[in-house]
Amino acid sequence: MGPCGHQSLLLLLALCATGAFVSATVLSGLPTTVSVMDSAGPGTIIVEFNLTCQNETSILTPVLTLQSTPPTYFFNQPIVAHHASPTAHYSVQITLSPSAALDAWQVNQYTLNLEATCPGETPANSQLFVQVHIVDGPPQCMARFASQVGELVQVSEDVAPLMPIYTVVLRRPASGLRFTIKNNDTPLTIDRTGQVLAPGSGFIPAHAGQAFRLQILVTDRSGRNCSGAVTVRVLPIHHHRINFTAACRSVAVLEKRGAMQLVTQVQAQGDNVRYEIITPAAHGLYTIDTVTGELRNTYELDLQRSPEVAHTQLLVRAYDMLHPSDSDTMGLNITVLPTNTVAPRCSPAVLLAQVPEDTPIGWTLAMLTCTDPDASNSSLRYQVEGDQRSRYSFRLQGPQLQVNETLDYDSAASARFQYVATILVTDNGQPPLSTHVPVLVTVTPKNEHSPVCPASAMFSVPEDAAFGDTVGRVNGTDLDYPFNNIEYSIAGGAGASPPAFYIGPRTGEIHVLGPLDYESKQVYILTVQLRDVANDADPHHQRSALCDITIQVQDTNDQPPFCMPPFQEFFIYSTRDPSLPLVQLQCSDKDESTMLPLTYTLVGDNTNGRFRLAGSTLLHSAFSNPPDSIHEPRTFELLVEVTDSFSAPRHSTTATLVVHVTPWATATPSTTTTHMTLRKEPLVVIHTKQFWAPLPWFVVVLSVSVALLLVALAWLAWKLLCRALSDPHVAKNNAAPGELDKETGRASILSLQEQFDGRAQDPITGQDYLFNSSTGACRWV
């Protein structure tokens, strides 16, 4: 072993010796499982055990960590206390945290994973299973709550809905409890946590001053219970009952109606209500009835004589006659209007207009000029009236008559393409007077819509259809009036000249024009042009559309069958075996509608019935030529009729088969010889071949072993080569005398850097070496 190998061994021994004498932390007195009741409170000791550290010289406190499964904050981290002894001994406690609320119904076991680490020692790990048990005891109600008098709670009448009023508290907290109110004569409720809640809609005035006694039953999961009573007293509050529904009101009255006329009436909510005018102090213009609240004018209102009466502001107070402090006020704005006598006057008196149907919305058709003779500054109101269609077709922007929605010429055909409406002009006088201005708008047509192709554009026609037969009808539609006024023409796809179809220009019916052949063309796609007619004020403005119409040619039985080849000739001997077929006819029909198989029949020159047909196969019977019988012909010209159908239309063809029969004589022995066939037993020959089939695992092991052996041999050869090249004595012994002198002289000139141009590390020993990439020479560093 080289120096590299010794260094590796020493390093390995040093690494193995590290940590051989490391001491471990010891946990003693720690049980595997402990039990605790779910009534245990915060601070309860779960377990106590000892911890021993082997390193006596350490002054650091060991570290203990605790993790719970399932995760919870119910357990405190371990508490470590030191005990003086020759070795470092510690006492450890695990207690419940302040947030602990054990519930065996929810979790009945916790797994505590402990890890204790002393300074410079190996950590110790352990597990502790904490089992939670249910306290076997009924719920215990508080003494005051369970007494005969019970608890007393006072609450204001205006408490918020569903506000918690009282909470049932037990001596020992528990989970899974159910709280119920045994008496049903109370609007109060209790939730699942034991909180008594106010009514869902709050207390009503009738509850003020009442006391509700609640009998509450507390039941656990086992059916054990305790009960108690709570009295809830509702305290009344003072209510202000007088109020107006509105803080202010505006009133308008006409002048010159006489004195003590009713202007308006005010009403306030409450009991024993009285009314008075508090501002202005000198309210001699109006008076109010203190009981009914009716407001009247004390004398006649005349704007020409007293212009100051046009606007008056009053403040009316309503109060409780028995409690005057319970009151509310409302303001009144009274406006006196002049009397109206003359209606507005407009120019022009009649509005006439003619517009195309594509007039945009907002287009101004006409403008009115209206005035009110009664007042120069009077504001006028404009309104469009008419039937359902005309009323919403126009709008008024002040005195301007505008288009409000599209004026459809097509839907106005029933009204002679006219829209009739009326503009109502009303002044703001009292009483208001109005003037009616008739409006007549005539709509001219506009070609807005292109023709639309039909939804179904596929027809079928038999291939034997005659000239002029109707294939189908193209029903194009056009939304412009007159509706569906369309001309039809075929723009392409009707076939070569002459075309196979033509279309009626006004009816849209497609007719057969030329012969059809399913075998040559099954589908025609016609491009039909739809052009509307007379849908615009300009007769030259027309719209068109192209529709693809598919016509499928239906196959009919119009082609006879054909055989390939139609003529066949055969030469046979008279001794030919009759069971062998002579020929099978290859016939077919171009018509796809002929679903039945072809029928084959011999119709000629079947002398003596020597031939017969089995479908399309020709068979023959035995030929015989006895000396005293009639000689049969030696050549048969057979005619086979091939038919494609059993019913009309029916087509057939004839195939010709020429059969030449050559007589052949056979000698017949004069005596009869009986031949006996001996049964030969079969000879069974068994030949066994030996072969070796190793198990799959053996093949894998053998392959891996061979691969490792090859790798080891390659490594050994490489090591030997490196040593040979690096030994100077071997290099000199192998070199020739002349070459040695040359190398010695050259070595004195060349530097070590020029001899070796690379440096690497041996992967086995880890030692570095230099090498020459050109010659392959190596030298250890």
# chains A, B, ... in the order shown; residues from 1 in each chain; ligands from 1
>>> select_by_dssp(residues="range 203-402 of chain A", states="strand (DSSP E or B)", output="compact mmCIF listing (two decimals) with N, CA and C atoms, in the first residue's frame")
# COMPACT_ATOMS: atom_id res chain seq x y z
N ALA A 211 -92.38 42.18 34.64
CA ALA A 211 -91.28 41.33 35.10
C ALA A 211 -91.52 39.93 34.56
N PHE A 212 -90.50 39.36 33.93
CA PHE A 212 -90.59 38.03 33.34
C PHE A 212 -89.70 37.08 34.16
N ARG A 213 -90.31 36.01 34.71
CA ARG A 213 -89.56 35.02 35.50
C ARG A 213 -89.25 33.83 34.59
N LEU A 214 -87.97 33.50 34.47
CA LEU A 214 -87.53 32.42 33.59
C LEU A 214 -87.09 31.24 34.43
N GLN A 215 -87.65 30.06 34.17
CA GLN A 215 -87.21 28.81 34.77
C GLN A 215 -86.26 28.13 33.78
N ILE A 216 -84.95 28.10 34.13
CA ILE A 216 -83.91 27.62 33.21
C ILE A 216 -83.43 26.26 33.68
N LEU A 217 -83.37 25.32 32.74
CA LEU A 217 -82.91 23.95 33.00
C LEU A 217 -81.58 23.74 32.27
N VAL A 218 -80.54 23.27 33.02
CA VAL A 218 -79.20 22.99 32.47
C VAL A 218 -79.01 21.48 32.45
N THR A 219 -78.78 20.89 31.27
CA THR A 219 -78.68 19.43 31.11
C THR A 219 -77.38 19.10 30.41
N ASN A 225 -78.98 17.08 35.29
CA ASN A 225 -79.31 18.49 35.14
C ASN A 225 -79.34 19.18 36.48
N CYS A 226 -79.38 20.51 36.39
CA CYS A 226 -79.69 21.38 37.52
C CYS A 226 -80.52 22.53 36.96
N SER A 227 -81.24 23.23 37.83
CA SER A 227 -82.14 24.27 37.36
C SER A 227 -82.04 25.49 38.27
N GLY A 228 -82.53 26.62 37.76
CA GLY A 228 -82.54 27.85 38.51
C GLY A 228 -83.54 28.81 37.90
N ALA A 229 -83.63 30.00 38.49
CA ALA A 229 -84.62 30.98 38.04
C ALA A 229 -83.95 32.34 37.90
N VAL A 230 -84.44 33.11 36.91
CA VAL A 230 -83.99 34.48 36.66
C VAL A 230 -85.22 35.34 36.43
N THR A 231 -85.31 36.46 37.13
CA THR A 231 -86.41 37.40 36.94
C THR A 231 -85.87 38.63 36.21
N VAL A 232 -86.44 38.93 35.03
CA VAL A 232 -86.03 40.06 34.22
C VAL A 232 -87.12 41.13 34.31
N ARG A 233 -86.75 42.29 34.86
CA ARG A 233 -87.70 43.39 35.01
C ARG A 233 -87.39 44.45 33.98
N VAL A 234 -88.41 44.84 33.17
CA VAL A 234 -88.27 45.82 32.10
C VAL A 234 -88.63 47.19 32.66
N LEU A 235 -87.67 48.11 32.64
CA LEU A 235 -87.86 49.45 33.19
C LEU A 235 -88.41 50.37 32.11
N ASN A 243 -95.63 64.62 17.37
CA ASN A 243 -94.67 64.87 16.28
C ASN A 243 -95.41 65.01 14.97
N PHE A 244 -94.84 65.86 14.07
CA PHE A 244 -95.33 66.02 12.71
C PHE A 244 -94.62 65.00 11.82
N CYS A 248 -91.63 70.39 7.00
CA CYS A 248 -91.99 71.58 6.23
C CYS A 248 -92.97 71.17 5.14
N ARG A 249 -93.80 72.13 4.74
CA ARG A 249 -94.77 71.89 3.67
C ARG A 249 -94.97 73.17 2.88
N SER A 250 -95.13 73.01 1.55
CA SER A 250 -95.39 74.15 0.66
C SER A 250 -96.83 74.07 0.17
N VAL A 251 -97.51 75.21 0.19
CA VAL A 251 -98.93 75.28 -0.18
C VAL A 251 -99.10 76.44 -1.17
N ALA A 252 -99.90 76.20 -2.24
CA ALA A 252 -100.22 77.24 -3.22
C ALA A 252 -101.73 77.42 -3.28
N VAL A 253 -102.18 78.69 -3.24
CA VAL A 253 -103.61 79.02 -3.30
C VAL A 253 -103.82 80.11 -4.33
N LEU A 254 -105.05 80.18 -4.85
CA LEU A 254 -105.40 81.21 -5.83
C LEU A 254 -105.91 82.47 -5.13
N LEU A 262 -110.48 77.71 3.14
CA LEU A 262 -109.50 76.72 3.61
C LEU A 262 -108.25 76.77 2.76
N VAL A 263 -107.11 76.97 3.41
CA VAL A 263 -105.81 76.98 2.71
C VAL A 263 -105.17 75.60 2.78
N THR A 264 -105.04 75.02 3.97
CA THR A 264 -104.51 73.68 4.18
C THR A 264 -104.88 73.22 5.57
N GLN A 265 -104.56 72.00 5.90
CA GLN A 265 -104.81 71.44 7.22
C GLN A 265 -103.56 70.67 7.66
N ALA A 268 -100.78 66.44 13.54
CA ALA A 268 -99.66 65.87 14.27
C ALA A 268 -100.13 64.61 14.98
N GLN A 269 -99.19 63.71 15.22
CA GLN A 269 -99.50 62.46 15.91
C GLN A 269 -99.35 62.65 17.41
N VAL A 273 -103.93 66.78 21.17
CA VAL A 273 -103.12 67.68 20.37
C VAL A 273 -103.85 69.00 20.17
N ARG A 274 -103.13 70.12 20.32
CA ARG A 274 -103.64 71.44 20.03
C ARG A 274 -102.62 72.14 19.13
N TYR A 275 -103.12 73.15 18.32
CA TYR A 275 -102.28 73.81 17.33
C TYR A 275 -102.30 75.31 17.56
N GLU A 276 -101.16 75.99 17.19
CA GLU A 276 -101.07 77.44 17.26
C GLU A 276 -99.99 77.91 16.29
N ILE A 277 -100.17 79.17 15.81
CA ILE A 277 -99.17 79.79 14.94
C ILE A 277 -98.26 80.62 15.83
N ILE A 278 -96.97 80.32 15.83
CA ILE A 278 -96.04 81.01 16.74
C ILE A 278 -95.22 82.07 16.02
N THR A 279 -94.99 81.94 14.69
CA THR A 279 -94.31 82.99 13.93
C THR A 279 -94.97 83.09 12.57
N TYR A 286 -103.55 84.94 8.35
CA TYR A 286 -104.08 83.58 8.41
C TYR A 286 -104.42 83.24 9.84
N THR A 287 -105.33 82.31 10.03
CA THR A 287 -105.73 81.82 11.34
C THR A 287 -105.82 80.30 11.27
N ILE A 288 -105.62 79.64 12.45
CA ILE A 288 -105.64 78.18 12.51
C ILE A 288 -106.59 77.74 13.59
N GLU A 294 -107.02 73.30 10.90
CA GLU A 294 -107.35 73.89 9.60
C GLU A 294 -106.85 75.33 9.57
N LEU A 295 -106.12 75.64 8.47
CA LEU A 295 -105.57 76.98 8.28
C LEU A 295 -106.42 77.71 7.24
N ARG A 296 -106.88 78.93 7.57
CA ARG A 296 -107.73 79.72 6.67
C ARG A 296 -107.19 81.13 6.58
N ASN A 297 -107.55 81.81 5.45
CA ASN A 297 -107.18 83.22 5.29
C ASN A 297 -108.25 84.10 5.95
N HIS A 311 -96.05 85.64 -0.99
CA HIS A 311 -95.29 84.59 -0.31
C HIS A 311 -95.34 84.86 1.19
N THR A 312 -95.70 83.84 1.96
CA THR A 312 -95.78 83.94 3.41
C THR A 312 -95.22 82.67 4.03
N GLN A 313 -94.40 82.82 5.10
CA GLN A 313 -93.86 81.68 5.82
C GLN A 313 -94.41 81.68 7.24
N LEU A 314 -95.02 80.55 7.64
CA LEU A 314 -95.59 80.39 8.97
C LEU A 314 -94.91 79.23 9.68
N LEU A 315 -94.81 79.31 11.04
CA LEU A 315 -94.32 78.22 11.87
C LEU A 315 -95.45 77.81 12.79
N VAL A 316 -95.93 76.59 12.62
CA VAL A 316 -97.07 76.06 13.37
C VAL A 316 -96.54 75.11 14.43
N ARG A 317 -97.07 75.24 15.68
CA ARG A 317 -96.65 74.38 16.79
C ARG A 317 -97.83 73.50 17.19
N ALA A 318 -97.54 72.20 17.39
CA ALA A 318 -98.51 71.24 17.91
C ALA A 318 -98.02 70.80 19.28
N TYR A 319 -98.90 70.75 20.31
CA TYR A 319 -98.49 70.42 21.66
C TYR A 319 -99.58 69.59 22.33
N ASP A 320 -99.15 68.87 23.41
CA ASP A 320 -100.08 68.09 24.22
C ASP A 320 -100.75 69.04 25.21
N SER A 327 -94.10 68.77 22.50
CA SER A 327 -94.59 69.51 21.34
C SER A 327 -93.66 69.27 20.15
N ASP A 328 -94.11 69.76 18.97
CA ASP A 328 -93.33 69.68 17.73
C ASP A 328 -93.78 70.81 16.83
N THR A 329 -92.92 71.24 15.90
CA THR A 329 -93.22 72.36 15.02
C THR A 329 -93.08 71.93 13.56
N MET A 330 -93.75 72.67 12.68
CA MET A 330 -93.68 72.45 11.24
C MET A 330 -93.78 73.79 10.53
N GLY A 331 -92.97 73.99 9.47
CA GLY A 331 -93.01 75.22 8.71
C GLY A 331 -93.95 75.12 7.52
N LEU A 332 -94.64 76.24 7.20
CA LEU A 332 -95.57 76.31 6.07
C LEU A 332 -95.12 77.44 5.15
N ASN A 333 -94.92 77.11 3.85
CA ASN A 333 -94.62 78.11 2.83
C ASN A 333 -95.86 78.27 1.96
N ILE A 334 -96.53 79.44 2.07
CA ILE A 334 -97.79 79.68 1.38
C ILE A 334 -97.51 80.64 0.23
N THR A 335 -97.90 80.22 -0.99
CA THR A 335 -97.73 81.02 -2.20
C THR A 335 -99.12 81.31 -2.77
N VAL A 336 -99.39 82.61 -3.04
CA VAL A 336 -100.66 83.02 -3.64
C VAL A 336 -100.43 83.21 -5.13
N LEU A 337 -101.19 82.50 -5.96
CA LEU A 337 -101.03 82.50 -7.41
C LEU A 337 -102.11 83.37 -8.05
N THR A 339 -104.88 84.42 -10.86
CA THR A 339 -105.89 83.64 -11.58
C THR A 339 -105.59 83.68 -13.07
N ARG A 345 -100.64 80.67 -26.87
CA ARG A 345 -100.82 80.74 -28.31
C ARG A 345 -99.52 80.28 -28.98
N CYS A 346 -99.64 79.40 -30.03
CA CYS A 346 -98.47 78.80 -30.66
C CYS A 346 -98.49 79.03 -32.17
N SER A 347 -97.28 79.06 -32.73
CA SER A 347 -97.10 79.19 -34.18
C SER A 347 -95.97 78.25 -34.59
N LEU A 351 -98.28 71.22 -37.26
CA LEU A 351 -96.95 70.82 -37.67
C LEU A 351 -97.05 69.69 -38.69
N LEU A 352 -96.44 69.93 -39.90
CA LEU A 352 -96.40 68.92 -40.96
C LEU A 352 -94.94 68.65 -41.30
N ALA A 353 -94.57 67.35 -41.45
CA ALA A 353 -93.19 66.99 -41.78
C ALA A 353 -93.18 65.70 -42.57
N GLN A 354 -92.16 65.55 -43.42
CA GLN A 354 -91.95 64.32 -44.20
C GLN A 354 -90.47 63.96 -44.09
N VAL A 355 -90.19 62.77 -43.56
CA VAL A 355 -88.81 62.35 -43.30
C VAL A 355 -88.64 60.90 -43.72
N PRO A 356 -87.42 60.49 -44.09
CA PRO A 356 -87.17 59.07 -44.35
C PRO A 356 -87.17 58.28 -43.05
N THR A 364 -84.26 67.10 -35.15
CA THR A 364 -85.32 68.08 -34.90
C THR A 364 -86.22 68.16 -36.12
N LEU A 365 -87.51 67.88 -35.90
CA LEU A 365 -88.48 67.92 -36.99
C LEU A 365 -89.06 69.32 -37.18
N ALA A 366 -89.34 70.00 -36.08
CA ALA A 366 -89.94 71.34 -36.18
C ALA A 366 -89.74 72.04 -34.85
N MET A 367 -89.99 73.36 -34.85
CA MET A 367 -89.87 74.15 -33.63
C MET A 367 -91.12 75.01 -33.47
N THR A 369 -93.23 78.14 -31.55
CA THR A 369 -93.06 79.44 -30.89
C THR A 369 -94.36 79.74 -30.17
N CYS A 370 -94.34 79.62 -28.81
CA CYS A 370 -95.55 79.77 -28.02
C CYS A 370 -95.35 80.88 -26.98
N THR A 371 -96.42 81.60 -26.71
CA THR A 371 -96.42 82.67 -25.71
C THR A 371 -97.68 82.58 -24.87
N LEU A 380 -93.79 77.66 -19.80
CA LEU A 380 -94.72 76.77 -20.47
C LEU A 380 -94.18 75.34 -20.42
N ARG A 381 -95.08 74.39 -20.31
CA ARG A 381 -94.74 72.97 -20.32
C ARG A 381 -95.25 72.34 -21.61
N TYR A 382 -94.39 71.51 -22.25
CA TYR A 382 -94.70 70.87 -23.52
C TYR A 382 -94.78 69.36 -23.30
N GLN A 383 -95.78 68.74 -23.89
CA GLN A 383 -95.99 67.30 -23.72
C GLN A 383 -96.57 66.73 -25.00
N VAL A 384 -96.06 65.53 -25.40
CA VAL A 384 -96.54 64.85 -26.60
C VAL A 384 -97.64 63.88 -26.20
N GLU A 385 -98.73 63.95 -26.92
CA GLU A 385 -99.86 63.04 -26.70
C GLU A 385 -100.19 62.35 -28.01
N GLY A 386 -100.81 61.18 -27.91
CA GLY A 386 -101.20 60.42 -29.09
C GLY A 386 -101.40 58.96 -28.74
N PHE A 394 -91.85 60.39 -30.67
CA PHE A 394 -91.36 61.76 -30.65
C PHE A 394 -91.11 62.20 -29.22
N ARG A 395 -90.27 63.22 -29.10
CA ARG A 395 -90.00 63.83 -27.81
C ARG A 395 -89.84 65.33 -28.00
N LEU A 396 -89.97 66.05 -26.90
CA LEU A 396 -89.86 67.51 -26.93
C LEU A 396 -88.66 67.94 -26.12
N GLN A 397 -87.82 68.72 -26.73
CA GLN A 397 -86.70 69.36 -26.06
C GLN A 397 -87.03 70.84 -25.98
N GLN A 400 -88.83 72.25 -29.16
CA GLN A 400 -88.36 71.53 -30.34
C GLN A 400 -88.94 70.11 -30.34
N LEU A 401 -89.53 69.74 -31.49
CA LEU A 401 -90.06 68.39 -31.67
C LEU A 401 -88.96 67.54 -32.31
N GLN A 402 -88.53 66.47 -31.61
CA GLN A 402 -87.43 65.64 -32.07
C GLN A 402 -87.88 64.18 -32.19
>>> residues_around(residues="Pro119 in chain A", least_positions_apart="3", cutoff="10 Å", atoms="only C-alpha atoms", output="PyMOL selection string")
chain A and resi 25+53-55+58-63+122-123
>>> write_last_selection(atoms="N, CA and C atoms", output="mmCIF file, in the first residue's frame")
data_model
loop_
_atom_site.group_PDB
_atom_site.id
_atom_site.type_symbol
_atom_site.label_atom_id
_atom_site.label_comp_id
_atom_site.auth_asym_id
_atom_site.auth_seq_id
_atom_site.Cartn_x
_atom_site.Cartn_y
_atom_site.Cartn_z
ATOM 1 N N THR A 25 -28.046 12.015 27.786
ATOM 2 C CA THR A 25 -28.972 12.515 28.806
ATOM 3 C C THR A 25 -29.942 11.405 29.187
ATOM 4 N N CYS A 53 -27.986 14.624 33.921
ATOM 5 C CA CYS A 53 -26.950 14.975 32.957
ATOM 6 C C CYS A 53 -25.638 14.347 33.413
ATOM 7 N N GLN A 54 -24.895 13.703 32.530
ATOM 8 C CA GLN A 54 -23.649 13.015 32.873
ATOM 9 C C GLN A 54 -22.483 13.988 33.028
ATOM 10 N N ASN A 55 -22.558 15.116 32.410
ATOM 11 C CA ASN A 55 -21.472 16.096 32.469
ATOM 12 C C ASN A 55 -21.648 16.933 33.740
ATOM 13 N N SER A 58 -20.623 20.959 33.792
ATOM 14 C CA SER A 58 -21.389 21.978 33.074
ATOM 15 C C SER A 58 -22.246 22.753 34.051
ATOM 16 N N ILE A 59 -22.289 24.048 33.894
ATOM 17 C CA ILE A 59 -23.113 24.920 34.744
ATOM 18 C C ILE A 59 -24.375 25.367 34.011
ATOM 19 N N LEU A 60 -24.567 24.902 32.789
ATOM 20 C CA LEU A 60 -25.740 25.298 32.006
ATOM 21 C C LEU A 60 -26.916 24.394 32.314
ATOM 22 N N THR A 61 -28.108 24.974 32.305
ATOM 23 C CA THR A 61 -29.345 24.223 32.576
ATOM 24 C C THR A 61 -29.766 23.456 31.324
ATOM 25 N N PRO A 62 -30.160 22.216 31.494
ATOM 26 C CA PRO A 62 -30.613 21.460 30.310
ATOM 27 C C PRO A 62 -31.863 22.087 29.681
ATOM 28 N N VAL A 63 -32.054 21.799 28.416
ATOM 29 C CA VAL A 63 -33.174 22.354 27.642
ATOM 30 C C VAL A 63 -34.178 21.239 27.345
ATOM 31 N N THR A 122 -25.770 13.780 24.239
ATOM 32 C CA THR A 122 -26.735 13.354 23.221
ATOM 33 C C THR A 122 -28.166 13.589 23.730
ATOM 34 N N PRO A 123 -29.074 14.186 22.932
ATOM 35 C CA PRO A 123 -30.452 14.434 23.407
ATOM 36 C C PRO A 123 -31.184 13.126 23.683
#
>>> residues_around(residues="Tyr90 in chain A", least_positions_apart="4", cutoff="9 Å", atoms="only C-alpha atoms", output="list of chain:residue names")
A:Phe49, A:Asn50, A:Leu51, A:Thr52, A:Cys53, A:Pro62, A:Val80, A:Ala81, A:His82, A:His83, A:Ala84
>>> residues_around(residues="Ser456 in chain A", least_positions_apart="4", cutoff="10 Å", atoms="only C-alpha atoms", output="JSON, numbers by chain")
{"A": [474, 475, 549, 550]}
>>> closest_residue(among="A:Val443, A:Leu197, A:Leu177, A:Val471", to="Gly223 in chain A", atoms="only C-alpha atoms")
A:Leu177
>>> select_by_dssp(residues="range 43-152 of chain A", states="alpha helix (DSSP H)", output="number ranges by chain")
A: 143-146
>>> decode(residues="range 603-624 of chain A", atoms="C-alpha atoms", output="JSON list (two decimals), in the first residue's frame")
[["chain", "number", "residue", "atom", "x", "y", "z"],
["A", 603, "VAL", "CA", -81.97, -19.04, -70.49],
["A", 604, "GLY", "CA", -80.42, -20.78, -73.53],
["A", 605, "ASP", "CA", -78.56, -23.85, -74.98],
["A", 606, "ASN", "CA", -78.57, -25.87, -71.78],
["A", 607, "THR", "CA", -78.98, -29.18, -73.62],
["A", 608, "ASN", "CA", -80.19, -32.02, -71.42],
["A", 609, "GLY", "CA", -79.85, -29.71, -68.42],
["A", 610, "ARG", "CA", -76.19, -30.54, -68.07],
["A", 611, "PHE", "CA", -75.46, -27.16, -66.41],
["A", 612, "ARG", "CA", -76.99, -25.39, -63.42],
["A", 613, "LEU", "CA", -76.38, -22.18, -61.45],
["A", 614, "ALA", "CA", -75.81, -21.89, -57.71],
["A", 615, "GLY", "CA", -76.03, -18.13, -57.32],
["A", 616, "SER", "CA", -73.36, -16.77, -59.63],
["A", 617, "THR", "CA", -71.44, -20.09, -59.77],
["A", 618, "LEU", "CA", -71.82, -22.38, -62.81],
["A", 619, "LEU", "CA", -71.84, -26.15, -62.11],
["A", 620, "HIS", "CA", -72.29, -29.15, -64.44],
["A", 621, "SER", "CA", -73.48, -32.73, -64.11],
["A", 622, "ALA", "CA", -71.62, -35.86, -65.23],
["A", 623, "PHE", "CA", -71.16, -36.36, -68.99],
["A", 624, "SER", "CA", -71.74, -39.88, -70.51]]
